[in-house]
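Q: Sharing coords_27.cif here; it has mmCIF, N, CA and C atoms.
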```cif
data_entry
loop_
_atom_site.label_atom_id
_atom_site.label_comp_id
_atom_site.auth_asym_id
_atom_site.auth_seq_id
_atom_site.Cartn_x
_atom_site.Cartn_y
_atom_site.Cartn_z
N MET V 456 0.85 -1.18 0.00
CA MET V 456 0.00 0.00 0.00
C MET V 456 0.89 1.23 0.00
N SER V 457 0.62 2.14 -0.90
CA SER V 457 1.43 3.34 -1.03
C SER V 457 0.66 4.55 -0.49
N LEU V 458 1.35 5.36 0.28
CA LEU V 458 0.73 6.57 0.84
C LEU V 458 1.22 7.78 0.09
N SER V 459 0.36 8.74 -0.09
CA SER V 459 0.80 10.01 -0.65
C SER V 459 1.60 10.74 0.43
N PRO V 460 2.44 11.71 0.03
CA PRO V 460 3.22 12.44 1.04
C PRO V 460 2.36 13.11 2.11
N ASP V 461 1.14 13.51 1.75
CA ASP V 461 0.26 14.15 2.73
C ASP V 461 -0.31 13.16 3.74
N GLN V 462 -0.37 11.87 3.37
CA GLN V 462 -0.93 10.86 4.26
C GLN V 462 0.14 10.15 5.08
N ALA V 463 1.40 10.38 4.78
CA ALA V 463 2.49 9.68 5.46
C ALA V 463 2.51 10.07 6.93
N PRO V 464 2.94 9.16 7.79
CA PRO V 464 3.01 9.49 9.22
C PRO V 464 3.98 10.63 9.48
N ARG V 465 3.65 11.48 10.43
CA ARG V 465 4.50 12.63 10.74
C ARG V 465 5.64 12.19 11.63
N GLN V 466 6.82 12.38 11.13
CA GLN V 466 8.03 12.10 11.87
C GLN V 466 8.89 13.34 11.82
N ARG V 467 9.90 13.38 12.66
CA ARG V 467 10.78 14.54 12.70
C ARG V 467 11.40 14.74 11.32
N GLY V 468 11.23 15.91 10.76
CA GLY V 468 11.81 16.25 9.48
C GLY V 468 10.97 15.85 8.29
N LEU V 469 9.97 14.99 8.48
CA LEU V 469 9.20 14.49 7.35
C LEU V 469 8.33 15.58 6.73
N VAL V 470 7.68 16.38 7.53
CA VAL V 470 6.85 17.46 7.00
C VAL V 470 7.73 18.44 6.23
N LEU V 471 8.87 18.74 6.79
CA LEU V 471 9.83 19.62 6.13
C LEU V 471 10.30 19.01 4.82
N LEU V 472 10.56 17.74 4.82
CA LEU V 472 11.00 17.03 3.62
C LEU V 472 9.91 17.08 2.55
N ASN V 473 8.67 16.88 2.95
CA ASN V 473 7.56 16.94 1.99
C ASN V 473 7.46 18.31 1.35
N LYS V 474 7.64 19.36 2.14
CA LYS V 474 7.59 20.72 1.60
C LYS V 474 8.73 20.96 0.60
N ALA V 475 9.90 20.45 0.91
CA ALA V 475 11.04 20.60 0.00
C ALA V 475 10.79 19.86 -1.31
N GLU V 476 10.22 18.67 -1.22
CA GLU V 476 9.91 17.91 -2.43
C GLU V 476 8.82 18.59 -3.25
N LYS V 477 7.84 19.18 -2.58
CA LYS V 477 6.80 19.93 -3.30
C LYS V 477 7.39 21.14 -4.01
N LEU V 478 8.38 21.76 -3.39
CA LEU V 478 9.06 22.90 -4.02
C LEU V 478 9.74 22.46 -5.31
N ILE V 479 10.39 21.31 -5.29
CA ILE V 479 11.04 20.79 -6.50
C ILE V 479 10.01 20.54 -7.59
N VAL V 480 8.91 19.89 -7.23
CA VAL V 480 7.86 19.60 -8.21
C VAL V 480 7.29 20.90 -8.77
N TYR V 481 7.11 21.89 -7.92
CA TYR V 481 6.54 23.17 -8.34
C TYR V 481 7.48 23.92 -9.29
N LEU V 482 8.79 23.88 -9.01
CA LEU V 482 9.74 24.63 -9.83
C LEU V 482 10.21 23.89 -11.08
N SER V 483 10.02 22.59 -11.13
CA SER V 483 10.55 21.80 -12.25
C SER V 483 10.10 22.29 -13.63
N PRO V 484 8.82 22.59 -13.85
CA PRO V 484 8.43 23.08 -15.18
C PRO V 484 9.14 24.38 -15.56
N ALA V 485 9.34 25.26 -14.60
CA ALA V 485 10.02 26.53 -14.89
C ALA V 485 11.51 26.29 -15.15
N ILE V 486 12.11 25.37 -14.40
CA ILE V 486 13.52 25.05 -14.61
C ILE V 486 13.72 24.46 -16.00
N ASP V 487 12.77 23.62 -16.43
CA ASP V 487 12.87 23.00 -17.75
C ASP V 487 12.80 24.03 -18.88
N LYS V 488 12.21 25.19 -18.62
CA LYS V 488 12.05 26.22 -19.65
C LYS V 488 13.14 27.28 -19.61
N VAL V 489 14.14 27.12 -18.77
CA VAL V 489 15.25 28.08 -18.74
C VAL V 489 15.92 28.04 -20.11
N PRO V 490 16.23 29.21 -20.68
CA PRO V 490 16.86 29.24 -22.01
C PRO V 490 18.12 28.38 -22.07
N ARG V 491 18.35 27.83 -23.25
CA ARG V 491 19.44 26.89 -23.45
C ARG V 491 20.80 27.45 -23.02
N HIS V 492 21.05 28.72 -23.29
CA HIS V 492 22.36 29.29 -22.95
C HIS V 492 22.60 29.39 -21.44
N GLN V 493 21.55 29.22 -20.63
CA GLN V 493 21.69 29.25 -19.17
C GLN V 493 21.33 27.91 -18.52
N ARG V 494 21.01 26.93 -19.34
CA ARG V 494 20.55 25.66 -18.80
C ARG V 494 21.59 24.97 -17.93
N TYR V 495 22.82 24.97 -18.38
CA TYR V 495 23.85 24.26 -17.62
C TYR V 495 24.54 25.14 -16.60
N ARG V 496 24.37 26.41 -16.71
CA ARG V 496 24.96 27.30 -15.72
C ARG V 496 23.99 27.56 -14.57
N TYR V 497 22.81 28.03 -14.89
CA TYR V 497 21.87 28.42 -13.85
C TYR V 497 20.91 27.28 -13.48
N ALA V 498 20.25 26.70 -14.47
CA ALA V 498 19.22 25.70 -14.19
C ALA V 498 19.79 24.49 -13.46
N ALA V 499 20.94 24.02 -13.89
CA ALA V 499 21.54 22.86 -13.22
C ALA V 499 21.94 23.20 -11.79
N ARG V 500 22.45 24.41 -11.60
CA ARG V 500 22.83 24.85 -10.24
C ARG V 500 21.60 24.91 -9.33
N LEU V 501 20.50 25.46 -9.82
CA LEU V 501 19.28 25.55 -9.02
C LEU V 501 18.73 24.17 -8.70
N GLU V 502 18.67 23.32 -9.70
CA GLU V 502 18.14 21.97 -9.47
C GLU V 502 19.03 21.19 -8.49
N ASP V 503 20.33 21.31 -8.64
CA ASP V 503 21.25 20.64 -7.70
C ASP V 503 21.07 21.17 -6.28
N ALA V 504 20.86 22.48 -6.16
CA ALA V 504 20.67 23.08 -4.83
C ALA V 504 19.38 22.58 -4.19
N LEU V 505 18.33 22.41 -4.98
CA LEU V 505 17.06 21.92 -4.45
C LEU V 505 17.20 20.48 -3.96
N TRP V 506 17.87 19.63 -4.74
CA TRP V 506 18.07 18.24 -4.32
C TRP V 506 19.03 18.16 -3.13
N ALA V 507 20.00 19.06 -3.07
CA ALA V 507 20.90 19.09 -1.91
C ALA V 507 20.12 19.44 -0.65
N LEU V 508 19.11 20.31 -0.79
CA LEU V 508 18.26 20.65 0.36
C LEU V 508 17.56 19.40 0.88
N VAL V 509 17.00 18.62 -0.02
CA VAL V 509 16.32 17.38 0.38
C VAL V 509 17.30 16.47 1.11
N LYS V 510 18.48 16.30 0.55
CA LYS V 510 19.49 15.43 1.16
C LYS V 510 19.88 15.94 2.55
N GLN V 511 20.07 17.24 2.68
CA GLN V 511 20.49 17.81 3.96
C GLN V 511 19.38 17.69 5.02
N ILE V 512 18.13 17.80 4.61
CA ILE V 512 17.02 17.62 5.54
C ILE V 512 17.02 16.19 6.07
N ILE V 513 17.21 15.24 5.17
CA ILE V 513 17.25 13.83 5.58
C ILE V 513 18.40 13.59 6.56
N GLU V 514 19.57 14.12 6.24
CA GLU V 514 20.73 13.94 7.11
C GLU V 514 20.52 14.59 8.48
N ALA V 515 19.96 15.80 8.48
CA ALA V 515 19.74 16.50 9.75
C ALA V 515 18.71 15.78 10.60
N ALA V 516 17.65 15.28 9.97
CA ALA V 516 16.61 14.58 10.73
C ALA V 516 17.15 13.27 11.30
N ALA V 517 18.01 12.61 10.54
CA ALA V 517 18.55 11.33 11.01
C ALA V 517 19.56 11.52 12.13
N SER V 518 20.34 12.60 12.06
CA SER V 518 21.42 12.77 13.04
C SER V 518 20.98 13.57 14.27
N GLY V 519 20.09 14.55 14.07
CA GLY V 519 19.69 15.42 15.18
C GLY V 519 20.78 16.39 15.60
N GLN V 520 21.82 16.53 14.79
CA GLN V 520 22.92 17.43 15.12
C GLN V 520 22.57 18.87 14.77
N LYS V 521 22.89 19.76 15.68
CA LYS V 521 22.60 21.18 15.49
C LYS V 521 23.30 21.72 14.24
N SER V 522 24.54 21.30 14.00
CA SER V 522 25.31 21.81 12.86
C SER V 522 24.65 21.45 11.53
N LYS V 523 24.04 20.28 11.47
CA LYS V 523 23.38 19.86 10.22
C LYS V 523 22.10 20.65 9.99
N VAL V 524 21.42 21.03 11.05
CA VAL V 524 20.23 21.86 10.91
C VAL V 524 20.63 23.25 10.41
N TYR V 525 21.75 23.76 10.90
CA TYR V 525 22.25 25.05 10.41
C TYR V 525 22.62 24.97 8.93
N ARG V 526 23.15 23.84 8.49
CA ARG V 526 23.48 23.68 7.07
C ARG V 526 22.23 23.71 6.20
N VAL V 527 21.14 23.13 6.71
CA VAL V 527 19.87 23.17 5.99
C VAL V 527 19.43 24.62 5.83
N ASP V 528 19.55 25.40 6.90
CA ASP V 528 19.19 26.81 6.86
C ASP V 528 20.04 27.57 5.84
N GLU V 529 21.32 27.28 5.80
CA GLU V 529 22.21 27.91 4.82
C GLU V 529 21.79 27.57 3.40
N GLN V 530 21.38 26.33 3.19
CA GLN V 530 20.96 25.89 1.86
C GLN V 530 19.70 26.62 1.42
N VAL V 531 18.78 26.85 2.35
CA VAL V 531 17.56 27.59 2.04
C VAL V 531 17.92 29.01 1.60
N ARG V 532 18.85 29.63 2.29
CA ARG V 532 19.28 30.99 1.92
C ARG V 532 19.93 31.01 0.54
N TYR V 533 20.70 29.98 0.23
CA TYR V 533 21.35 29.86 -1.08
C TYR V 533 20.30 29.74 -2.18
N ILE V 534 19.27 28.93 -1.94
CA ILE V 534 18.21 28.77 -2.94
C ILE V 534 17.45 30.07 -3.13
N HIS V 535 17.21 30.80 -2.03
CA HIS V 535 16.59 32.14 -2.15
C HIS V 535 17.40 33.02 -3.08
N ALA V 536 18.71 33.02 -2.90
CA ALA V 536 19.58 33.84 -3.73
C ALA V 536 19.50 33.41 -5.20
N LEU V 537 19.49 32.12 -5.45
CA LEU V 537 19.37 31.63 -6.83
C LEU V 537 18.04 32.04 -7.45
N LEU V 538 16.96 31.97 -6.68
CA LEU V 538 15.66 32.37 -7.20
C LEU V 538 15.62 33.87 -7.52
N ARG V 539 16.19 34.68 -6.63
CA ARG V 539 16.23 36.13 -6.89
C ARG V 539 17.01 36.41 -8.17
N HIS V 540 18.13 35.73 -8.33
CA HIS V 540 18.96 35.91 -9.53
C HIS V 540 18.18 35.51 -10.79
N GLY V 541 17.47 34.37 -10.71
CA GLY V 541 16.69 33.92 -11.85
C GLY V 541 15.58 34.89 -12.20
N ALA V 542 14.95 35.48 -11.20
CA ALA V 542 13.89 36.45 -11.45
C ALA V 542 14.45 37.74 -12.05
N GLU V 543 15.57 38.21 -11.50
CA GLU V 543 16.17 39.45 -11.99
C GLU V 543 16.65 39.33 -13.44
N ARG V 544 17.13 38.17 -13.82
CA ARG V 544 17.63 37.97 -15.18
C ARG V 544 16.56 37.48 -16.13
N GLY V 545 15.35 37.25 -15.63
CA GLY V 545 14.26 36.81 -16.49
C GLY V 545 14.34 35.35 -16.88
N LEU V 546 15.05 34.56 -16.09
CA LEU V 546 15.19 33.14 -16.39
C LEU V 546 14.02 32.32 -15.86
N LEU V 547 13.37 32.84 -14.83
CA LEU V 547 12.20 32.18 -14.24
C LEU V 547 11.05 33.17 -14.22
N PRO V 548 9.82 32.69 -14.40
CA PRO V 548 8.67 33.60 -14.34
C PRO V 548 8.50 34.16 -12.93
N PRO V 549 8.24 35.46 -12.82
CA PRO V 549 8.09 36.09 -11.50
C PRO V 549 7.02 35.43 -10.63
N SER V 550 5.94 34.97 -11.24
CA SER V 550 4.88 34.33 -10.45
C SER V 550 5.38 33.04 -9.81
N ARG V 551 6.17 32.26 -10.54
CA ARG V 551 6.74 31.03 -9.98
C ARG V 551 7.73 31.35 -8.87
N VAL V 552 8.53 32.37 -9.09
CA VAL V 552 9.52 32.74 -8.07
C VAL V 552 8.82 33.20 -6.81
N GLY V 553 7.74 33.97 -6.95
CA GLY V 553 7.01 34.45 -5.79
C GLY V 553 6.43 33.32 -4.96
N GLU V 554 5.79 32.36 -5.63
CA GLU V 554 5.22 31.21 -4.91
C GLU V 554 6.32 30.35 -4.31
N ALA V 555 7.41 30.16 -5.05
CA ALA V 555 8.53 29.36 -4.53
C ALA V 555 9.14 30.04 -3.31
N ALA V 556 9.22 31.37 -3.35
CA ALA V 556 9.77 32.10 -2.21
C ALA V 556 8.88 31.93 -0.98
N LYS V 557 7.56 31.88 -1.18
CA LYS V 557 6.65 31.64 -0.05
C LYS V 557 6.88 30.25 0.54
N LEU V 558 7.02 29.26 -0.33
CA LEU V 558 7.29 27.91 0.15
C LEU V 558 8.62 27.85 0.90
N LEU V 559 9.63 28.52 0.36
CA LEU V 559 10.93 28.56 1.03
C LEU V 559 10.84 29.28 2.37
N GLN V 560 10.02 30.30 2.44
CA GLN V 560 9.84 31.02 3.70
C GLN V 560 9.22 30.10 4.75
N GLU V 561 8.25 29.29 4.34
CA GLU V 561 7.64 28.32 5.26
C GLU V 561 8.70 27.31 5.73
N ILE V 562 9.50 26.83 4.78
CA ILE V 562 10.56 25.88 5.12
C ILE V 562 11.54 26.53 6.10
N GLY V 563 11.91 27.78 5.83
CA GLY V 563 12.82 28.49 6.71
C GLY V 563 12.27 28.67 8.11
N ALA V 564 10.97 28.96 8.21
CA ALA V 564 10.35 29.11 9.53
C ALA V 564 10.37 27.78 10.28
N MET V 565 10.11 26.70 9.58
CA MET V 565 10.13 25.39 10.22
C MET V 565 11.54 25.03 10.69
N ILE V 566 12.53 25.40 9.90
CA ILE V 566 13.92 25.15 10.29
C ILE V 566 14.28 25.98 11.52
N GLY V 567 13.79 27.22 11.56
CA GLY V 567 14.05 28.09 12.71
C GLY V 567 13.50 27.50 13.99
N SER V 568 12.28 26.96 13.94
CA SER V 568 11.72 26.35 15.15
C SER V 568 12.45 25.06 15.49
N TRP V 569 12.91 24.35 14.48
CA TRP V 569 13.69 23.13 14.70
C TRP V 569 15.00 23.47 15.41
N ARG V 570 15.65 24.54 14.97
CA ARG V 570 16.90 24.99 15.61
C ARG V 570 16.66 25.33 17.08
N GLN V 571 15.57 26.02 17.36
CA GLN V 571 15.27 26.40 18.74
C GLN V 571 15.02 25.18 19.62
N ARG V 572 14.34 24.18 19.08
CA ARG V 572 14.10 22.95 19.85
C ARG V 572 15.41 22.22 20.17
N ILE V 573 16.34 22.24 19.23
CA ILE V 573 17.61 21.56 19.46
C ILE V 573 18.45 22.30 20.50
N GLN V 574 18.41 23.64 20.47
CA GLN V 574 19.20 24.44 21.42
C GLN V 574 18.65 24.33 22.82
N GLY V 575 17.34 24.25 22.94
CA GLY V 575 16.71 24.29 24.25
C GLY V 575 16.51 23.03 24.92
#
```
Would you mind giving the structure from this file in structure tokens?

A:
Amino acid sequence: MSLSPDQAPRQRGLVLLNKAEKLIVYLSPAIDKVPRHQRYRYAARLEDALWALVKQIIEAAASGQKSKVYRVDEQVRYIHALLRHGAERGLLPPSRVGEAAKLLQEIGAMIGSWRQRIQG
């Protein structure tokens, strides 16, 4: 029996992981439409950064180490910067960037509360 990500049991980091995966699915059509001359410079970098976020969330949830949670936060900031760059250069549609930024903001807030729980 297969569960959708929304039906999966809630475990530490799982909700955050689902949001990161939804971000990838949401941005994929826009990444696929990046002009050819920027496909391997910008689009590949953005896609790699998004998958690195997923990997770092998994690692942080498995280890529970404060330093790994901070790395996840750094990765979110890096993706924000890539999205801003893509919007400024016209590589991504502004509407997609706006929605993706909202999703990233939610992810960032969840990471912030995760950091506080680990410190306290």

Q: May I ask which of the residues V:Val470, V:Leu501, V:Ile562, V:Ile512 is the closest one to V:Leu538, counting only N, CA and C atoms?

A: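 Under the stated criterion, the closest residue is V:Leu501.
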
Q: Name the residues that the PyMOL selection byres ((chain V and resi 520-530) around 7) picks from the file above, as an mmCIF file with N, CA and C atoms, in the frame of the given file, using the file's chain letters and numbers.

A:
```cif
data_model
loop_
_atom_site.group_PDB
_atom_site.id
_atom_site.type_symbol
_atom_site.label_atom_id
_atom_site.label_comp_id
_atom_site.auth_asym_id
_atom_site.auth_seq_id
_atom_site.Cartn_x
_atom_site.Cartn_y
_atom_site.Cartn_z
ATOM 1 N N ALA V 504 20.860 22.480 -6.160
ATOM 2 C CA ALA V 504 20.670 23.080 -4.830
ATOM 3 C C ALA V 504 19.380 22.580 -4.190
ATOM 4 N N ALA V 507 20.000 19.060 -3.070
ATOM 5 C CA ALA V 507 20.900 19.090 -1.910
ATOM 6 C C ALA V 507 20.120 19.440 -0.650
ATOM 7 N N LEU V 508 19.110 20.310 -0.790
ATOM 8 C CA LEU V 508 18.260 20.650 0.360
ATOM 9 C C LEU V 508 17.560 19.400 0.880
ATOM 10 N N GLN V 511 20.070 17.240 2.680
ATOM 11 C CA GLN V 511 20.490 17.810 3.960
ATOM 12 C C GLN V 511 19.380 17.690 5.020
ATOM 13 N N ILE V 512 18.130 17.800 4.610
ATOM 14 C CA ILE V 512 17.020 17.620 5.540
ATOM 15 C C ILE V 512 17.020 16.190 6.070
ATOM 16 N N GLU V 514 19.570 14.120 6.240
ATOM 17 C CA GLU V 514 20.730 13.940 7.110
ATOM 18 C C GLU V 514 20.520 14.590 8.480
ATOM 19 N N ALA V 515 19.960 15.800 8.480
ATOM 20 C CA ALA V 515 19.740 16.500 9.750
ATOM 21 C C ALA V 515 18.710 15.780 10.600
ATOM 22 N N ALA V 516 17.650 15.280 9.970
ATOM 23 C CA ALA V 516 16.610 14.580 10.730
ATOM 24 C C ALA V 516 17.150 13.270 11.300
ATOM 25 N N ALA V 517 18.010 12.610 10.540
ATOM 26 C CA ALA V 517 18.550 11.330 11.010
ATOM 27 C C ALA V 517 19.560 11.520 12.130
ATOM 28 N N SER V 518 20.340 12.600 12.060
ATOM 29 C CA SER V 518 21.420 12.770 13.040
ATOM 30 C C SER V 518 20.980 13.570 14.270
ATOM 31 N N GLY V 519 20.090 14.550 14.070
ATOM 32 C CA GLY V 519 19.690 15.420 15.180
ATOM 33 C C GLY V 519 20.780 16.390 15.600
ATOM 34 N N VAL V 531 18.780 26.850 2.350
ATOM 35 C CA VAL V 531 17.560 27.590 2.040
ATOM 36 C C VAL V 531 17.920 29.010 1.600
ATOM 37 N N ARG V 532 18.850 29.630 2.290
ATOM 38 C CA ARG V 532 19.280 30.990 1.920
ATOM 39 C C ARG V 532 19.930 31.010 0.540
ATOM 40 N N TYR V 533 20.700 29.980 0.230
ATOM 41 C CA TYR V 533 21.350 29.860 -1.080
ATOM 42 C C TYR V 533 20.300 29.740 -2.180
ATOM 43 N N ILE V 534 19.270 28.930 -1.940
ATOM 44 C CA ILE V 534 18.210 28.770 -2.940
ATOM 45 C C ILE V 534 17.450 30.070 -3.130
ATOM 46 N N HIS V 535 17.210 30.800 -2.030
ATOM 47 C CA HIS V 535 16.590 32.140 -2.150
ATOM 48 C C HIS V 535 17.400 33.020 -3.080
ATOM 49 N N GLY V 563 11.910 27.780 5.830
ATOM 50 C CA GLY V 563 12.820 28.490 6.710
ATOM 51 C C GLY V 563 12.270 28.670 8.110
ATOM 52 N N ILE V 566 12.530 25.400 9.900
ATOM 53 C CA ILE V 566 13.920 25.150 10.290
ATOM 54 C C ILE V 566 14.280 25.980 11.520
ATOM 55 N N ARG V 570 15.650 24.540 14.970
ATOM 56 C CA ARG V 570 16.900 24.990 15.610
ATOM 57 C C ARG V 570 16.660 25.330 17.080
ATOM 58 N N ILE V 573 16.340 22.240 19.230
ATOM 59 C CA ILE V 573 17.610 21.560 19.460
ATOM 60 C C ILE V 573 18.450 22.300 20.500
ATOM 61 N N GLN V 574 18.410 23.640 20.470
ATOM 62 C CA GLN V 574 19.200 24.440 21.420
ATOM 63 C C GLN V 574 18.650 24.330 22.820
#
```

Q: If I take atom CA of V:Asp503 and atom CA of V:Met565, how far is one from the other in Å, to one decimal?

A: 21.6 Å

Q: Contacts of V:Leu478 at 8 Å or less, counting all atoms listed in the file, minus same-chain residues fewer than 4 places along, as an MDAnalysis selection string?

A: chainID V and resid 472:474 482:483 505 554:555 558:559

Q: Smallest atom-to-atom distance to V:Ala498: which of V:Leu546, V:Ile513, V:Ala564, V:Val480, using only C-alpha atoms?

A: V:Leu546

Q: Rounded to one decimal place, report the atom C of V:Arg551-atom N of V:Arg572 distance in Å.

A: 29.6 Å

Q: Would you compute the distance between atom CA of V:Arg539 and atom N of V:Ala556? Give it in Å to one decimal.

A: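 Result for atom CA of V:Arg539 versus atom N of V:Ala556: 9.2 Å, one decimal.
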
Q: Enumerate as number ranges by chain all residues of chain V assigned to helix (DSSP H, G or I) by DSSP on the backbone, naming them with the chain letters and numbers the document uses.

A: V: 469-487, 491-518, 521-543, 549-574

Q: On this file, the PyMOL selection byres (((chain V and resi 542 and name CA) around 12) and name CA) gives some set of residues; write that set as an MDAnalysis selection string.

A: chainID V and resid 485:486 489 497 535:541 543:553 555:556
